[in-house]
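These notes concern the structure reproduced below.
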Amino acid sequence: MVRPFLTTQWKNVVLVNYRVPPELLLPHVPPGSELDTPDDDPSLHLLSLVALEFADMRVRGIPIPTARNFPEINLRFYVRRGPMRAVVFLREFVPTRLVVLGARLLYNQPYYLARITHHTHRDGGRVRVDTTFEHRRHRGIIRIDARDEPFIPPEDSQEHFLKEHYWGFDRDRAGRSFRYRVTHPVWRIYPIEDAEVTISPGALLGGEWQSIAWEKALHSIVWAEGSEAAVYPAEPLDAGEM
């Protein structure tokens with residue numbers, strides 16, 4: 001049995017989803033995979049700005065004293081190889097220097113240091129998440145208000161597509177594609193009633209991404225409850241294929 005490389009709890013996972021031109025994503029698709037879209041809309045290419053909490057993170061079962069509980073903000077998009085549907089990360093931000101160094105060295109992941117807070121508040125039947133972010137000169141927030149009535153959306157919904165990915169794909173320093181498996185239970189989501197987002201993906205990605213009118217490109221927001229999760233060691237993208 002292969003043991004997880006990393007175990008943790010991913011909590012209060014907020015996905016802010018933007019419609020983007022596929023030509024901006026194509027240069028980042030790992031060789032051997034292709035862009036993926038929701039089953040109900042093959043023309044919909046999405047970039048997700050994701051905010052979440054890591055809790056009780058352990059690497060190979062060992063807790064890291066300075067890197068157990070922390071928030072993260074990342075930018076990801078969606079690819080597939082046959083039945084494997086995966087995410088690819090363009091940027092990942094955490095306030096913990098050790099996580100940045102470890103992720104870059106071990107997984108060649110695009111981690112950066114940032115100031116982040118990510119807090120949840122409950123009041124009666126209401127629930128709210130407040131996220132603040134600062135990286136270099138860019139500052140922004142995510143604020144979500146919802147009813148505290150979590151539910152599991154249908155498997156054929158876009159909400160399910162966005163939150164339920166059990167593979168990550170990427171490339172190593174030599175340009176070879178790899179994959180890593182992720183496991184967690186199916187997540188419930190909250191019915192969102194109000195939201196404000198001022199973090200700009202364009203400011204974080206730079207280049208051609210700055211030409212997108214991000215407020216107009218906003219497609220949806222999903223707030224998932226989260227759960228315990230495990231990430232398994234990396235292996236070649238075509239491992240086990242004949």
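As shown in the structure tokens, the chain order sets the letters A, B, ...; within each chain, residues go from 1, and ligands are also counted from 1 in the order they appear.
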
*asked:* If we count only C-alpha atoms and set the cut-off at 8 Å, which residues sit around region 175-192 of chain A, ignoring sequence neighbours fewer than 2 positions away in its own chain? Please answer as a PyMOL selection string.
replied: chain A and resi 30-32+144-153+163-173+194-195+221-238

Apply DSSP to the backbone of this structure and, from region 8-212 of chain A, keep only the residues in strand (DSSP E or B); write these as a PyMOL selection string.
chain A and resi 8-19+34-35+46-59+62-63+70-81+84-94+111-113+115-123+126-135+138-147+151+167-171+177-183+189+192-197

Note to self: When you look at Leu46 (chain A) with a cut-off of 6 Å (counting only C-alpha atoms), what residues show up, excluding the ones that are within fewer than 5 positions of it in the same chain? I need them as a list in words.
What the structure shows: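 Answer for this query is Tyr18, Arg19 and Val20 of chain A.
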
(Q) Please list as a list in words every residue within 8 Å of His119 (chain A), counting only C-alpha atoms and excluding residues in the same chain fewer than 6 positions away. (A)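 In the requested form, the answer reads Val129, Asp130 and Thr131 of chain A.
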
### helix (DSSP H, G or I) residues, from DSSP on the backbone, in region 19-238 of chain A, as JSON, numbers by chain
{"A": [22, 23, 24, 25, 26, 27, 28, 97, 98, 99, 100, 101, 102, 103, 104, 105, 106, 107, 158, 159, 160, 161, 162, 163, 201, 202, 203, 204, 205, 207, 208, 209, 210, 211, 214, 215, 216, 217]}

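Coordinates place CA of Phe54 (chain A) at a distance of 16.7 Å from CA of Phe89 (chain A).
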
Checklist line | Separation of CA of Val13 (chain A) from CA of Arg104 (chain A), in Å and rounded to one decimal | finding: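 According to the coordinates, CA of Val13 (chain A) and CA of Arg104 (chain A) are separated by 22.5 Å.
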
- Of the residues A:Val197, A:Leu204, A:Ala86, A:Leu218, which is the one nearest to Arg137 (chain A), using only C-alpha atoms?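 Going through A:Val197, A:Leu204, A:Ala86, A:Leu218 one by one, the smallest distance to Arg137 (chain A) is for A:Leu204.
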
Set the distance at 9 Å and use only C-alpha atoms: which residues neighbour Pro21 (chain A) once local chain neighbours fewer than 3 positions away are removed? I'd like the list as an NGL selection string. :A and (24-25 or 44-46)

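A straight line drawn from CA of Phe70 (chain A) to CA of Leu52 (chain A) is 8.8 Å long.
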
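Considering the residues A:Ser48, A:Thr120, A:Gln109, A:Thr37 and counting only C-alpha atoms, Asn12 (chain A) has its shortest atom-to-atom contact with A:Thr120.
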
- Query: Hey, which of A:Arg97, A:Arg3, A:Lys11, A:Arg81 ends up closest to Arg60 (chain A)? Count only C-alpha atoms.
  - Reply: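 Among A:Arg97, A:Arg3, A:Lys11, A:Arg81, it is A:Arg3 that comes nearest to Arg60 (chain A).
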
| request: Could you give me, as a ChimeraX atom specification, the residues within 9 Å of Glu196 (chain A), counting only C-alpha atoms and dropping anything in the same chain fewer than 5 positions from it? | output: /A:141-144
